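Q: Attaching a single structure in structure tokens format; questions to follow.
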Amino acid sequence: IAACMNFSESNAEQALNQAFSMFPVEAVCMDVLQKGMAEIGGLWYEDRVSVQQEHFASSLAMRRLDALLSASPAPSRTQTVLVGCPPNEWHTFTSLLLSLLLRRRGLSVIYLGANVPADRFKETVTAAHVNLVILVAQTLTSAATLQLTALTLTGLRVPVGFGGRIFNLQPNLVGYIPGHYLGNAIDSSL
């Protein structure tokens, strides 16, 4: 966190490299990257960290997750999970982290990223014979579009899981979403 606050990419990368050399990938991703991003996000929300610092840290974390996902072994299981963010959701750290963790468990993962229109999720589910869809929303606006996306997918008989920061902040929203709330399995890192 200190390295990111000082825009020191080399120090941040060195700290991550050290952590990855000492601990399992999952532990570093959850206990260093995710918790670090949650702390930086909280500091940004409190106006104690600049948007530049938050974006720098996010970019560094996302690059590392992308690299880990690319280096993951080929799927060893037959199930396919589709992971992405509904329309108007631009925070992709949590969905990318979840994709990495699922891939490391041997699942085939289709990661769609940010701001995916509801009908495009439906199109991909059909074309790729997806077994599970996981949607992530961090804000109230994207929770509404997540609801619409989940409703769009109900006729396909594919289970939908969902989570994200907004559902931790406003748990009453969970009952309005058709699907399985994943609770703390999808943490509110941003």
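Every chain in the structure tokens takes a letter, A first, then B, and so on in the order presented; its residues are numbered from 1, and the ligands are numbered from 1 following the presented order.
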Among chain A, which residues carry a DSSP assignment of alpha helix (DSSP H), reported as JSON, numbers by chain?

A: {"A": [2, 3, 4, 5, 9, 10, 11, 12, 13, 14, 15, 16, 17, 18, 19, 20, 21, 22, 25, 26, 27, 28, 35, 36, 37, 38, 39, 40, 41, 42, 43, 44, 45, 51, 52, 53, 54, 55, 56, 57, 58, 59, 60, 61, 62, 63, 64, 65, 66, 67, 68, 69, 70, 71, 93, 94, 95, 96, 97, 98, 99, 100, 101, 102, 103, 118, 119, 120, 121, 122, 123, 124, 125, 126, 127, 128, 140, 141, 142, 143, 144, 145, 146, 147, 148, 149, 150, 151, 152, 153, 165, 166, 167, 168, 169]}

Q: Any chance you could list, as an NGL selection string, the residues in segment 76-181 of chain A that come up strand (DSSP E or B) when DSSP is run on the backbone?

A: :A and (80-84 or 108-113 or 132-136 or 160-163 or 180-181)

Q: Based on the selection just made, write C-alpha atoms of those residues as an mmCIF file, in the first residue's frame.

A:
```cif
data_model
loop_
_atom_site.group_PDB
_atom_site.id
_atom_site.type_symbol
_atom_site.label_atom_id
_atom_site.label_comp_id
_atom_site.auth_asym_id
_atom_site.auth_seq_id
_atom_site.Cartn_x
_atom_site.Cartn_y
_atom_site.Cartn_z
ATOM 1 C CA THR A 80 -17.825 -23.633 -17.701
ATOM 2 C CA VAL A 81 -18.426 -20.543 -15.595
ATOM 3 C CA LEU A 82 -19.193 -17.151 -17.120
ATOM 4 C CA VAL A 83 -18.031 -14.218 -14.964
ATOM 5 C CA GLY A 84 -18.638 -10.554 -15.627
ATOM 6 C CA SER A 108 -13.202 -23.348 -17.609
ATOM 7 C CA VAL A 109 -13.844 -19.627 -17.082
ATOM 8 C CA ILE A 110 -15.134 -17.120 -19.577
ATOM 9 C CA TYR A 111 -14.300 -13.690 -18.179
ATOM 10 C CA LEU A 112 -16.250 -10.890 -19.856
ATOM 11 C CA GLY A 113 -15.128 -7.935 -17.727
ATOM 12 C CA LEU A 132 -23.036 -21.088 -14.197
ATOM 13 C CA VAL A 133 -23.098 -17.299 -14.502
ATOM 14 C CA ILE A 134 -21.567 -15.092 -11.821
ATOM 15 C CA LEU A 135 -22.376 -11.391 -11.834
ATOM 16 C CA VAL A 136 -20.614 -8.766 -9.734
ATOM 17 C CA VAL A 160 -26.905 -17.311 -11.605
ATOM 18 C CA GLY A 161 -24.694 -16.366 -8.669
ATOM 19 C CA PHE A 162 -24.103 -12.769 -7.677
ATOM 20 C CA GLY A 163 -22.404 -10.571 -5.152
ATOM 21 C CA HIS A 180 -27.913 -17.297 -5.556
ATOM 22 C CA TYR A 181 -26.282 -14.679 -3.369
#
```

Q: What separation in Å, quoted to one decimal, exists between atom CA of Val25 of chain A and atom CA of Leu60 of chain A?

A: 16.1 Å

Q: Just want the 10 Å neighbourhood of Leu153 of chain A, counted on only C-alpha atoms, with same-chain residues fewer than 6 positions away dropped. Output as a ChimeraX atom specification.

A: /A:118-119,121-123,125-126,133,147,159-160,178-179
